[in-house]
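*Asks:* Shown below is the structure under consideration.
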Amino acid sequence: MTASLQLSFAVDGAPGDPAATRLHLPVEEGTVVLPELLLRPTGHPVYLYQLECRAEDAPPALAEQIGGLWNAREVMVGPPGHTLPGGVLRVGDAEQMQVTLTASIRSSDPGAANGWAAETVPLRRSIALSWTPFAVPAPGTKEPGYDGLAVIDFGTSGCTVTLWDTRVAPDPLLPASQAVQLEAALAGLPDIAAPPWLADAWASTCAEVVRQRDLYVALEVLEDRVRTAPPAYRQWLIERLHELYAATFGSAALELWSLVPVQLHGSATEIPSIITVTGTPGAYTVDVGGFAGGDITLHGLKRHFAALPSRELAAAGFDTDEVVARAVASLLDRTNAFIQRARPDDPPLRNRVLVTYPTSLPGAARTRLKRLVAAATGLPVAEINTRYDEAIAAGFYFAMRDLGSSPELGVDALLARMHTSTGSDRICTDHLLVVDIGGGTTDIALFKLTLREVTVDLPDLPPAQRGRLFEYSPDLRGSSGLANRGGDYLTWCVFHWLKAALASADLAGRELGFLSGGQAWPQNAPIPPWRDEVERIVPTRYRENPDRRAAFRELWAIAEHAKIEYLGQGEDFTGSFGELGPVTLTADGFDAIARTAVARLAELAVALVRSRFTSPDDQVDRLVLAGKASGLRQVREVFEEEFAKAFAADPDRRWDPTVLRVDPAGAKSAASTGAAWAERMRILANRPERAADVIRRGGLDIRVDVDNVFQTLPAAFTLVRGARPETIFQANEPFRAGPGDERLLWADLDQLPGQVVVHRVIDGSLPARWGSYNVANTAEQQAYAPAMPSTENDRSDDAWLASVDARLEINTELDLTLHLWHTGPENEYARRPVHVLTDTGVDLPATGDRLDQAARIRLPMGNASGQHRDKTVFPYAAKGWTHWFVHGTGVNARRLRGLLSPEPLPVPTETGWTFRITDGDEAPHTVLWRRGGPAAESGSWFAALDETGQLRVVRGHPPYLTTSTLAEMDRHPGAVLSVPMDGRSRETDSADPHNGDQ
């Protein structure tokens with residue numbers, strides 16, 4: 001069977017023209033990123049005996065580099081093809097060169113003993129490579145002016161940036177991002193196997209389609225074949241055409257939402273997370289991508305943020321967290337370079353920067369990341385947004401995908417797929433579970449998505465002229481995740497298996513049993529003793545001997561290649577290693593390793609679902625596996641098995657395997673794109689009160705209630721106190737109004753423990769340390785003896801701790817703060833902190849008991865019929881005063897007993913709030929105060945009353961009266977010392993594959 005092989009280069013992530021004779025690439029800092037080489041059989045599979053690359057008339061150094069690229073030997077190439085990685089080419093002063101690819105292939109021959117024809121057919125392809133330099137500007141000094149938002153995803157293995165550019169207009173015919181998908185789908189038609197009786201007709205159709213140079217002409221050819229084909233062939237063609245359209249219109253239509261993937265290096269929208277540091281502490285630069293040399297080169301540095309520092313950086317005197325922040329700033333520099341290449345007159349983006357992070361990163365580390373990135377970029381802290389972790393961002397990415405390139409069609413598709421809520425045909429819901437298995441981390445999020453059609457009574461507008469307004473509301477039921485447990489973990493397993501195999505077959509078997517048995521899965525798993533013996537034969541540990549770094553990197557690259565191209569595809573991997581001889585790793589062995597690891601991730605997802613689903617109506621409607629590692633065959637298979645097994649044991653749950661979807665295509669930029677889309681929709685959303693205006697305009701509009709994701713706590717948190725941890729915050733507990741616009745949860749600890757340690761509950765795994773605080777450290781820093789641990793065993797420190805109350809607080813970014821105050825004299829409200837009131841109000845009548853007056857204050861509330869009912873503002877007044885207040889911020893200000901409304905005030909009418917006081921339920925109400933409403937201001941509003949009789953309306957919970965030292969806190973009972981909790985991980989770096997000890 002005669003077959004041939006097409007050789008083409010990947011251009012912007014899609015196959016290029018196999019007949020192209022020239023390829024133009026950008027050059028940056030003397031380097032060119034060469035694209036992947038795509039090998040596609042034009043018919044049946046072919047046996048690639050050898051592929052070599054050679055440069056014509058190039059300087060010797062350049063020719064030597066090219067000679068080491070795009071080479072392959074003894075590879076079977078079948079559908080969907082085979083990919084050879086590109087590389088980084090240091091071009092020096094050269095401006096172009098001619099490259100010749102020479103291949104030897106054999107066609108398949110079922111009659112031959114080995115299945116291949118004896119005759120070797122030569123192939124030759126020549127292409128001219130040229131490049132154009134561009135410069136990356138230094139951090140901009142211009143005033144802010146770029147009208148957009150940048151979202152930076154600094155990953156463990158790769159980095160992406162997505163822009164929301166308000167000036168990007170969508171293509172009215174087909175968004176460019178979907179056109180690329182359509183072009184790739186058309187080019188891949190020959191890879192689809194047809195039934196034997198349709199094979200010739202299908203080959204003819206594919207040849208004619210692929211021959212067309214115009215995308216839409218090629219599509220017309222395919223549709224014309226559908227119309228003219230015989231019935232049996234027509235039905236088969238229709239199915240393929242529908243699959244093609246589904247893949248095209250189901251892909252992200254970025255231009256529709258004015259989203260632009262940033263080309264960070266040449267045309268590459270993703271660059272490796274390789275950090276190079278050049279200089280000395282205090283005077284150094286950081287670059288991302290590994291394109292330029294430096295004094296220190298690091299892989300996967302993100303693992304060390306807010307954890308144990310990188311040993312290599314620490315030894316050289318660098319602060320690891322600061323280097324990470326400067327790496328993020330370097331990505332912003334590349335983003336500005338991209339903006340200015342497209343629009344040279346635009347100033348760089350100097351505001352509205354959003355940075356994503358793993359779900360497993362503690363809240364304190366998120367706050368630290370914001371501060372450090374602000375310092376590195378020169379931006380105000382307020383301009384650095386860290387609202388979205390990678391699990392939430394991935395969820396929004398798939399919500400965007402649901403709407404497709406046509407919101408009208410997308411909404412109708414959602415309505416058809418989702419469940420109609422009982423009692424309303426205008427509210428639909430479903431549950432989306434996203435498992436993002438990235439290079440370094442795995443992030444999991446469970447969403448309940450609600451689509452509601454907003455109706456407004458408009459009797460003057462005929463129904464045919466009314467538009468439609470939908471509210472799409474995601475509710476985060478829970479999130480979870482693990483650090484250091486993603487695709488790199490499987491590469492790490494292959495690395496150690498391969499290393500042991502190079503040492504001896506016996507050691508390889510012991511290593512395989514260790515890895516496949518799951519003993520290596522725990523983050524701080526003990527190192528098996530035989531690895532020291534393996535190291536003596538195959539030395540790669542470079543922590544003590546830097547000369548071994550090259551050997552480690554070479555073996556790591558081979559392990560990654562073997563995992564992706566062979567073992568993950570179900571094929572054995574055989575490599576030749578000189579004196580150590582050929583080594584074979586079996587697909588079955590890798591299958592055992594991968595299944596063990598993936599099963600642990602699936603168990604996390606199952607545990608999250610079980611802990612959050614409380615009603616028999618709760619079902620997983622969609623399970624999306626995303627991330628770079630999700631493309632491995634074992635991932636889908638194991639998730640199907642684990643969910644089927646778990647749900648079979650649960651009578652209230654049913655498992656439908658058709659809800660599972662694997663989407664590795666969105667892996668590159670799911671986090672940055674999803675966060676950019678969410679922030680765009682949040683900023684541009686029509687407010688609910690404008691629904692009538694939207695419907696009058698006609699057409700269709702969608703309001704995405706992005707803030708709804710942040711209304712509840714995504715996980716439970718425990719406090720380590722006593723023999724067992726106690727739950728301090730419950731999962732899905734709603735946040736409450738804090739000062740101003742803040743949303744918080746808090747819990748009183750009554751007495752301050754000597755050490756406070758809080759863990760985040762990871763369903764299905766060990767809890768993650770989230771924050772800690774030891775008051776002794778503060779006492780030593782401030783030299784405050786009463787709070788220092790006793791050295792005389794007289795337990796004087798216990799007496800001091802007993803006099804201090806504590807309140808633990810968590811915000812929507814999961815940052816923990818501990819508030820401390822001295823309790824003062826004993827009575828029923830003395831143990832509460834003091835709050836500050838700054839606004840003026842109105843005085844109650846001078847006569848009468850204040851608590852009795854407070855119990856009789858009412859606030860009218862309207863309802864749909866226009867009638868009013870009264871709300872008691874201070875329902876607990878009969879029980880006594882509940883708060884301490886001061887007027888002003890001085891710690892010596894007079895303390896006043898007071899009351900605070902337990903719930904936010906209802907939304908005011910156009911004239912504001914009207915407070916009334918009554919002498920009884922049936923007695924007429926006397927107007928106390930008409931307080932104007934908060935017009936366009938946001939936040940929740942509360943009523944406050946102090947013992948002098950002054951009634952106020954305050955925005956959010958009144959802030960604490962603060963102090964800055966333990967001594968001042970003791971001198972002024974009720975004054976609050978607020979201390980952030982340390983979120984730094986205490987785990988060792990043993991789980992880091994690039995720690996130098998592998």
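Residues are referred to by chain and number: the chain letter is A, B, ... according to the order shown in the structure tokens, the number counts from 1 in that chain, and ligands are numbered separately from 1 in the order shown.
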How would you write, as number ranges by chain, the set of residues in range 705-793 of chain A that DSSP gives as strand (DSSP E)?
*Replies:* A: 717-720, 725-729, 736-737, 743-748, 755-760, 768-774
*Asks:* CA of Asp701 in chain A and CA of Leu469 in chain A are how many Å apart?
*Replies:*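 Interatomic distance, CA of Asp701 in chain A to CA of Leu469 in chain A: 5.0 Å.
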*Asks:* Enumerate, as a compact mmCIF listing (two decimals) with all heavy atoms, in the first residue's frame, the complete set of residues in range 587-678 of chain A that a backbone-based DSSP assignment places in alpha helix (DSSP H).
*Replies:*
```txt
# COMPACT_ATOMS: atom_id res chain seq x y z
N ALA A 587 4.98 0.10 28.10
CA ALA A 587 3.72 0.84 28.24
C ALA A 587 2.91 0.30 29.41
O ALA A 587 2.22 1.06 30.11
CB ALA A 587 2.92 0.76 26.94
N ASP A 588 2.99 -1.01 29.66
CA ASP A 588 2.25 -1.59 30.77
C ASP A 588 2.77 -1.07 32.11
O ASP A 588 2.00 -0.81 33.04
CB ASP A 588 2.36 -3.12 30.74
CG ASP A 588 1.55 -3.73 29.61
OD1 ASP A 588 0.68 -3.02 29.06
OD2 ASP A 588 1.80 -4.91 29.28
N GLY A 589 4.09 -0.94 32.22
CA GLY A 589 4.67 -0.41 33.45
C GLY A 589 4.23 1.03 33.70
O GLY A 589 3.85 1.39 34.81
N PHE A 590 4.28 1.84 32.64
CA PHE A 590 3.83 3.22 32.79
C PHE A 590 2.35 3.28 33.11
O PHE A 590 1.89 4.13 33.89
CB PHE A 590 4.12 4.02 31.52
CG PHE A 590 3.62 5.44 31.58
CD1 PHE A 590 4.31 6.40 32.31
CD2 PHE A 590 2.44 5.81 30.95
CE1 PHE A 590 3.84 7.71 32.38
CE2 PHE A 590 1.97 7.11 31.01
CZ PHE A 590 2.67 8.06 31.73
N ASP A 591 1.57 2.39 32.52
CA ASP A 591 0.14 2.36 32.77
C ASP A 591 -0.12 2.14 34.26
O ASP A 591 -1.00 2.78 34.85
CB ASP A 591 -0.51 1.25 31.95
CG ASP A 591 -2.02 1.29 32.01
OD1 ASP A 591 -2.61 2.21 31.42
OD2 ASP A 591 -2.61 0.39 32.65
N ALA A 592 0.65 1.26 34.88
CA ALA A 592 0.48 1.01 36.32
C ALA A 592 0.84 2.24 37.14
O ALA A 592 0.14 2.59 38.11
CB ALA A 592 1.33 -0.18 36.75
N ILE A 593 1.92 2.93 36.77
CA ILE A 593 2.32 4.16 37.48
C ILE A 593 1.26 5.23 37.33
O ILE A 593 0.81 5.85 38.30
CB ILE A 593 3.67 4.67 36.95
CG1 ILE A 593 4.79 3.68 37.28
CG2 ILE A 593 3.99 6.05 37.52
CD1 ILE A 593 6.11 4.03 36.62
N ALA A 594 0.85 5.47 36.08
CA ALA A 594 -0.10 6.55 35.80
C ALA A 594 -1.45 6.29 36.47
O ALA A 594 -2.07 7.20 37.03
CB ALA A 594 -0.27 6.72 34.30
N ARG A 595 -1.91 5.05 36.40
CA ARG A 595 -3.22 4.74 37.00
C ARG A 595 -3.21 4.96 38.51
O ARG A 595 -4.19 5.45 39.07
CB ARG A 595 -3.61 3.30 36.67
CG ARG A 595 -4.09 3.11 35.25
CD ARG A 595 -4.46 1.68 34.93
NE ARG A 595 -5.15 1.61 33.66
CZ ARG A 595 -6.45 1.82 33.50
NH1 ARG A 595 -7.21 2.08 34.55
NH2 ARG A 595 -7.02 1.77 32.31
N THR A 596 -2.13 4.62 39.16
CA THR A 596 -2.04 4.85 40.60
C THR A 596 -2.12 6.33 40.92
O THR A 596 -2.84 6.75 41.83
CB THR A 596 -0.73 4.27 41.15
OG1 THR A 596 -0.71 2.86 40.91
CG2 THR A 596 -0.59 4.53 42.63
N ALA A 597 -1.36 7.15 40.17
CA ALA A 597 -1.36 8.60 40.43
C ALA A 597 -2.69 9.23 40.08
O ALA A 597 -3.25 10.02 40.86
CB ALA A 597 -0.23 9.26 39.63
N VAL A 598 -3.24 8.90 38.92
CA VAL A 598 -4.50 9.51 38.49
C VAL A 598 -5.63 9.10 39.41
O VAL A 598 -6.56 9.87 39.67
CB VAL A 598 -4.80 9.14 37.03
CG1 VAL A 598 -6.17 9.67 36.61
CG2 VAL A 598 -3.72 9.69 36.10
N ALA A 599 -5.58 7.86 39.93
CA ALA A 599 -6.62 7.41 40.86
C ALA A 599 -6.66 8.30 42.09
O ALA A 599 -7.74 8.59 42.62
CB ALA A 599 -6.39 5.96 41.26
N ARG A 600 -5.49 8.76 42.57
CA ARG A 600 -5.46 9.64 43.73
C ARG A 600 -6.16 10.98 43.40
O ARG A 600 -6.88 11.53 44.23
CB ARG A 600 -4.02 9.92 44.16
CG ARG A 600 -3.24 8.70 44.58
CD ARG A 600 -3.76 8.10 45.88
NE ARG A 600 -2.89 7.05 46.38
CZ ARG A 600 -2.95 5.76 46.02
NH1 ARG A 600 -3.86 5.37 45.14
NH2 ARG A 600 -2.12 4.87 46.52
N LEU A 601 -5.93 11.49 42.19
CA LEU A 601 -6.58 12.74 41.79
C LEU A 601 -8.08 12.54 41.63
O LEU A 601 -8.88 13.41 42.02
CB LEU A 601 -5.97 13.26 40.49
CG LEU A 601 -4.46 13.56 40.53
CD1 LEU A 601 -3.98 14.04 39.17
CD2 LEU A 601 -4.15 14.58 41.60
N ALA A 602 -8.48 11.42 41.05
CA ALA A 602 -9.90 11.13 40.90
C ALA A 602 -10.58 11.01 42.26
O ALA A 602 -11.72 11.44 42.45
CB ALA A 602 -10.11 9.85 40.08
N GLU A 603 -9.88 10.41 43.23
CA GLU A 603 -10.43 10.29 44.57
C GLU A 603 -10.65 11.67 45.19
O GLU A 603 -11.63 11.88 45.93
CB GLU A 603 -9.48 9.46 45.44
CG GLU A 603 -9.47 7.98 45.08
CD GLU A 603 -8.29 7.24 45.70
OE1 GLU A 603 -7.56 7.86 46.49
OE2 GLU A 603 -8.10 6.05 45.38
N LEU A 604 -9.77 12.63 44.92
CA LEU A 604 -9.98 13.99 45.40
C LEU A 604 -11.26 14.58 44.83
O LEU A 604 -12.05 15.21 45.55
CB LEU A 604 -8.80 14.88 45.00
CG LEU A 604 -7.47 14.75 45.73
CD1 LEU A 604 -6.48 15.74 45.16
CD2 LEU A 604 -7.65 14.99 47.21
N ALA A 605 -11.46 14.40 43.52
CA ALA A 605 -12.65 14.94 42.87
C ALA A 605 -13.92 14.27 43.41
O ALA A 605 -14.92 14.94 43.68
CB ALA A 605 -12.56 14.76 41.36
N VAL A 606 -13.88 12.96 43.58
CA VAL A 606 -15.03 12.23 44.13
C VAL A 606 -15.34 12.72 45.54
O VAL A 606 -16.50 12.94 45.91
CB VAL A 606 -14.77 10.71 44.11
CG1 VAL A 606 -15.82 9.98 44.94
CG2 VAL A 606 -14.79 10.20 42.68
N ALA A 607 -14.30 12.88 46.36
CA ALA A 607 -14.51 13.32 47.74
C ALA A 607 -15.11 14.71 47.80
O ALA A 607 -15.96 14.99 48.66
CB ALA A 607 -13.17 13.28 48.49
N LEU A 608 -14.69 15.60 46.90
CA LEU A 608 -15.26 16.95 46.87
C LEU A 608 -16.75 16.89 46.53
O LEU A 608 -17.57 17.56 47.17
CB LEU A 608 -14.51 17.80 45.84
CG LEU A 608 -15.01 19.24 45.69
CD1 LEU A 608 -14.78 20.03 46.98
CD2 LEU A 608 -14.30 19.94 44.52
N VAL A 609 -17.09 16.09 45.54
CA VAL A 609 -18.50 15.96 45.15
C VAL A 609 -19.32 15.39 46.31
O VAL A 609 -20.39 15.89 46.64
CB VAL A 609 -18.62 15.07 43.90
CG1 VAL A 609 -20.09 14.72 43.63
CG2 VAL A 609 -18.03 15.78 42.68
N ARG A 610 -18.83 14.35 46.94
CA ARG A 610 -19.57 13.71 48.04
C ARG A 610 -19.80 14.66 49.20
O ARG A 610 -20.86 14.66 49.83
CB ARG A 610 -18.81 12.48 48.52
CG ARG A 610 -19.01 11.24 47.65
CD ARG A 610 -18.21 10.08 48.18
NE ARG A 610 -18.66 8.80 47.64
CZ ARG A 610 -18.02 7.67 47.80
NH1 ARG A 610 -16.88 7.65 48.46
NH2 ARG A 610 -18.50 6.54 47.30
N SER A 611 -18.80 15.47 49.50
CA SER A 611 -18.93 16.36 50.66
C SER A 611 -19.85 17.54 50.38
O SER A 611 -20.39 18.12 51.32
CB SER A 611 -17.55 16.87 51.09
OG SER A 611 -17.00 17.72 50.11
N ARG A 612 -20.03 17.91 49.11
CA ARG A 612 -20.84 19.09 48.78
C ARG A 612 -22.26 18.75 48.35
O ARG A 612 -23.16 19.56 48.50
CB ARG A 612 -20.17 19.90 47.68
CG ARG A 612 -18.80 20.43 48.02
CD ARG A 612 -18.81 21.30 49.28
NE ARG A 612 -17.55 22.00 49.43
CZ ARG A 612 -16.49 21.51 50.06
NH1 ARG A 612 -16.56 20.31 50.63
NH2 ARG A 612 -15.38 22.21 50.15
N ARG A 633 -4.10 8.90 28.00
CA ARG A 633 -5.20 7.93 27.92
C ARG A 633 -5.67 7.50 29.31
O ARG A 633 -6.87 7.34 29.56
CB ARG A 633 -4.73 6.72 27.11
CG ARG A 633 -5.66 5.52 27.13
CD ARG A 633 -5.07 4.39 26.28
NE ARG A 633 -3.72 4.06 26.68
CZ ARG A 633 -3.42 3.22 27.67
NH1 ARG A 633 -4.39 2.66 28.37
NH2 ARG A 633 -2.16 2.95 27.98
N GLN A 634 -4.74 7.31 30.23
CA GLN A 634 -5.09 6.79 31.54
C GLN A 634 -5.97 7.76 32.33
O GLN A 634 -6.74 7.34 33.20
CB GLN A 634 -3.83 6.49 32.35
CG GLN A 634 -3.00 5.35 31.84
CD GLN A 634 -2.05 5.77 30.72
OE1 GLN A 634 -2.05 6.93 30.31
NE2 GLN A 634 -1.24 4.85 30.24
N VAL A 635 -5.87 9.05 32.05
CA VAL A 635 -6.63 10.03 32.82
C VAL A 635 -8.12 9.82 32.62
O VAL A 635 -8.90 9.72 33.59
CB VAL A 635 -6.21 11.46 32.43
CG1 VAL A 635 -7.12 12.48 33.08
CG2 VAL A 635 -4.76 11.72 32.83
N ARG A 636 -8.56 9.74 31.37
CA ARG A 636 -9.98 9.54 31.12
C ARG A 636 -10.45 8.19 31.67
O ARG A 636 -11.50 8.10 32.32
CB ARG A 636 -10.26 9.62 29.62
CG ARG A 636 -11.74 9.46 29.31
CD ARG A 636 -12.05 9.40 27.83
NE ARG A 636 -13.49 9.48 27.65
CZ ARG A 636 -14.14 10.51 27.17
NH1 ARG A 636 -13.48 11.60 26.82
NH2 ARG A 636 -15.45 10.50 27.06
N GLU A 637 -9.68 7.15 31.39
CA GLU A 637 -10.10 5.81 31.80
C GLU A 637 -10.25 5.72 33.32
O GLU A 637 -11.24 5.19 33.83
CB GLU A 637 -9.09 4.78 31.30
CG GLU A 637 -9.07 4.63 29.78
CD GLU A 637 -7.99 3.66 29.32
OE1 GLU A 637 -7.23 3.16 30.19
OE2 GLU A 637 -7.89 3.40 28.11
N VAL A 638 -9.27 6.23 34.07
CA VAL A 638 -9.30 6.10 35.52
C VAL A 638 -10.41 6.96 36.12
O VAL A 638 -11.10 6.53 37.06
CB VAL A 638 -7.93 6.47 36.12
CG1 VAL A 638 -8.01 6.54 37.64
CG2 VAL A 638 -6.88 5.46 35.69
N PHE A 639 -10.61 8.16 35.60
CA PHE A 639 -11.70 8.99 36.12
C PHE A 639 -13.06 8.32 35.88
O PHE A 639 -13.94 8.35 36.75
CB PHE A 639 -11.66 10.39 35.51
CG PHE A 639 -10.90 11.37 36.34
CD1 PHE A 639 -9.52 11.44 36.28
CD2 PHE A 639 -11.55 12.23 37.20
CE1 PHE A 639 -8.81 12.33 37.06
CE2 PHE A 639 -10.87 13.14 37.98
CZ PHE A 639 -9.48 13.19 37.91
N GLU A 640 -13.25 7.72 34.71
CA GLU A 640 -14.49 7.00 34.45
C GLU A 640 -14.67 5.87 35.47
O GLU A 640 -15.75 5.68 36.03
CB GLU A 640 -14.49 6.44 33.03
CG GLU A 640 -14.78 7.47 31.95
CD GLU A 640 -14.87 6.83 30.58
OE1 GLU A 640 -14.41 5.69 30.43
OE2 GLU A 640 -15.39 7.48 29.66
N GLU A 641 -13.60 5.11 35.70
CA GLU A 641 -13.68 3.97 36.62
C GLU A 641 -13.96 4.42 38.05
O GLU A 641 -14.82 3.84 38.74
CB GLU A 641 -12.38 3.17 36.56
CG GLU A 641 -12.13 2.49 35.22
CD GLU A 641 -10.69 2.00 35.08
OE1 GLU A 641 -9.93 2.14 36.07
OE2 GLU A 641 -10.33 1.49 34.00
N GLU A 642 -13.25 5.45 38.51
CA GLU A 642 -13.40 5.87 39.90
C GLU A 642 -14.77 6.47 40.16
O GLU A 642 -15.37 6.23 41.22
CB GLU A 642 -12.30 6.88 40.27
CG GLU A 642 -10.90 6.28 40.33
CD GLU A 642 -10.77 5.24 41.42
OE1 GLU A 642 -11.36 5.41 42.51
OE2 GLU A 642 -10.06 4.23 41.18
N PHE A 643 -15.28 7.27 39.23
CA PHE A 643 -16.61 7.85 39.44
C PHE A 643 -17.69 6.78 39.34
O PHE A 643 -18.67 6.81 40.10
CB PHE A 643 -16.85 8.98 38.44
CG PHE A 643 -16.42 10.32 38.95
CD1 PHE A 643 -15.09 10.71 38.88
CD2 PHE A 643 -17.33 11.20 39.51
CE1 PHE A 643 -14.68 11.93 39.37
CE2 PHE A 643 -16.94 12.43 40.01
CZ PHE A 643 -15.61 12.79 39.93
N ALA A 644 -17.54 5.85 38.42
CA ALA A 644 -18.52 4.77 38.32
C ALA A 644 -18.54 3.94 39.60
O ALA A 644 -19.60 3.59 40.13
CB ALA A 644 -18.21 3.89 37.12
N LYS A 645 -17.36 3.65 40.15
CA LYS A 645 -17.26 2.85 41.37
C LYS A 645 -17.85 3.60 42.56
O LYS A 645 -18.60 3.03 43.36
CB LYS A 645 -15.79 2.51 41.63
CG LYS A 645 -15.55 1.67 42.87
CD LYS A 645 -14.10 1.23 42.96
CE LYS A 645 -13.17 2.40 43.09
NZ LYS A 645 -11.74 2.00 43.26
N ALA A 646 -17.53 4.89 42.68
CA ALA A 646 -18.01 5.67 43.82
C ALA A 646 -19.52 5.85 43.77
O ALA A 646 -20.21 5.75 44.79
CB ALA A 646 -17.31 7.04 43.85
N PHE A 647 -20.06 6.11 42.59
CA PHE A 647 -21.49 6.39 42.48
C PHE A 647 -22.31 5.10 42.56
O PHE A 647 -23.48 5.13 42.93
CB PHE A 647 -21.79 7.14 41.20
CG PHE A 647 -21.49 8.60 41.27
CD1 PHE A 647 -20.40 9.08 41.98
CD2 PHE A 647 -22.29 9.52 40.63
CE1 PHE A 647 -20.11 10.42 42.06
CE2 PHE A 647 -22.01 10.89 40.70
CZ PHE A 647 -20.92 11.33 41.41
N ALA A 648 -21.69 3.99 42.21
CA ALA A 648 -22.42 2.72 42.31
C ALA A 648 -22.74 2.40 43.77
O ALA A 648 -23.73 1.72 44.06
CB ALA A 648 -21.60 1.59 41.69
N ALA A 670 -6.14 28.31 29.59
CA ALA A 670 -7.46 28.26 30.24
C ALA A 670 -7.52 29.20 31.43
O ALA A 670 -8.52 29.92 31.61
CB ALA A 670 -7.78 26.83 30.66
N ALA A 671 -6.48 29.23 32.26
CA ALA A 671 -6.52 30.07 33.46
C ALA A 671 -6.52 31.55 33.10
O ALA A 671 -7.35 32.32 33.59
CB ALA A 671 -5.34 29.73 34.37
N SER A 672 -5.58 31.97 32.25
CA SER A 672 -5.51 33.40 31.94
C SER A 672 -6.72 33.85 31.12
O SER A 672 -7.26 34.94 31.34
CB SER A 672 -4.21 33.73 31.19
OG SER A 672 -4.13 33.06 29.95
N THR A 673 -7.20 33.01 30.20
CA THR A 673 -8.36 33.37 29.39
C THR A 673 -9.62 33.41 30.25
O THR A 673 -10.43 34.34 30.14
CB THR A 673 -8.54 32.39 28.23
OG1 THR A 673 -7.36 32.39 27.42
CG2 THR A 673 -9.73 32.77 27.37
N GLY A 674 -9.80 32.39 31.09
CA GLY A 674 -11.00 32.35 31.92
C GLY A 674 -11.07 33.53 32.88
O GLY A 674 -12.13 34.13 33.07
N ALA A 675 -9.95 33.88 33.50
CA ALA A 675 -9.94 35.02 34.42
C ALA A 675 -10.18 36.33 33.67
O ALA A 675 -10.89 37.22 34.17
CB ALA A 675 -8.61 35.07 35.17
N ALA A 676 -9.61 36.47 32.47
CA ALA A 676 -9.82 37.69 31.69
C ALA A 676 -11.29 37.83 31.30
O ALA A 676 -11.87 38.93 31.36
CB ALA A 676 -8.94 37.67 30.44
N TRP A 677 -11.90 36.72 30.87
CA TRP A 677 -13.32 36.77 30.50
C TRP A 677 -14.19 37.11 31.70
O TRP A 677 -15.11 37.94 31.60
CB TRP A 677 -13.74 35.44 29.91
CG TRP A 677 -15.17 35.41 29.46
CD1 TRP A 677 -15.68 35.95 28.31
CD2 TRP A 677 -16.28 34.80 30.14
NE1 TRP A 677 -17.03 35.70 28.24
CE2 TRP A 677 -17.42 35.01 29.35
CE3 TRP A 677 -16.40 34.11 31.34
CZ2 TRP A 677 -18.69 34.54 29.73
CZ3 TRP A 677 -17.65 33.64 31.72
CH2 TRP A 677 -18.77 33.86 30.92
N ALA A 678 -13.90 36.50 32.84
CA ALA A 678 -14.70 36.76 34.03
C ALA A 678 -14.61 38.22 34.45
O ALA A 678 -15.62 38.86 34.77
CB ALA A 678 -14.24 35.84 35.18
```
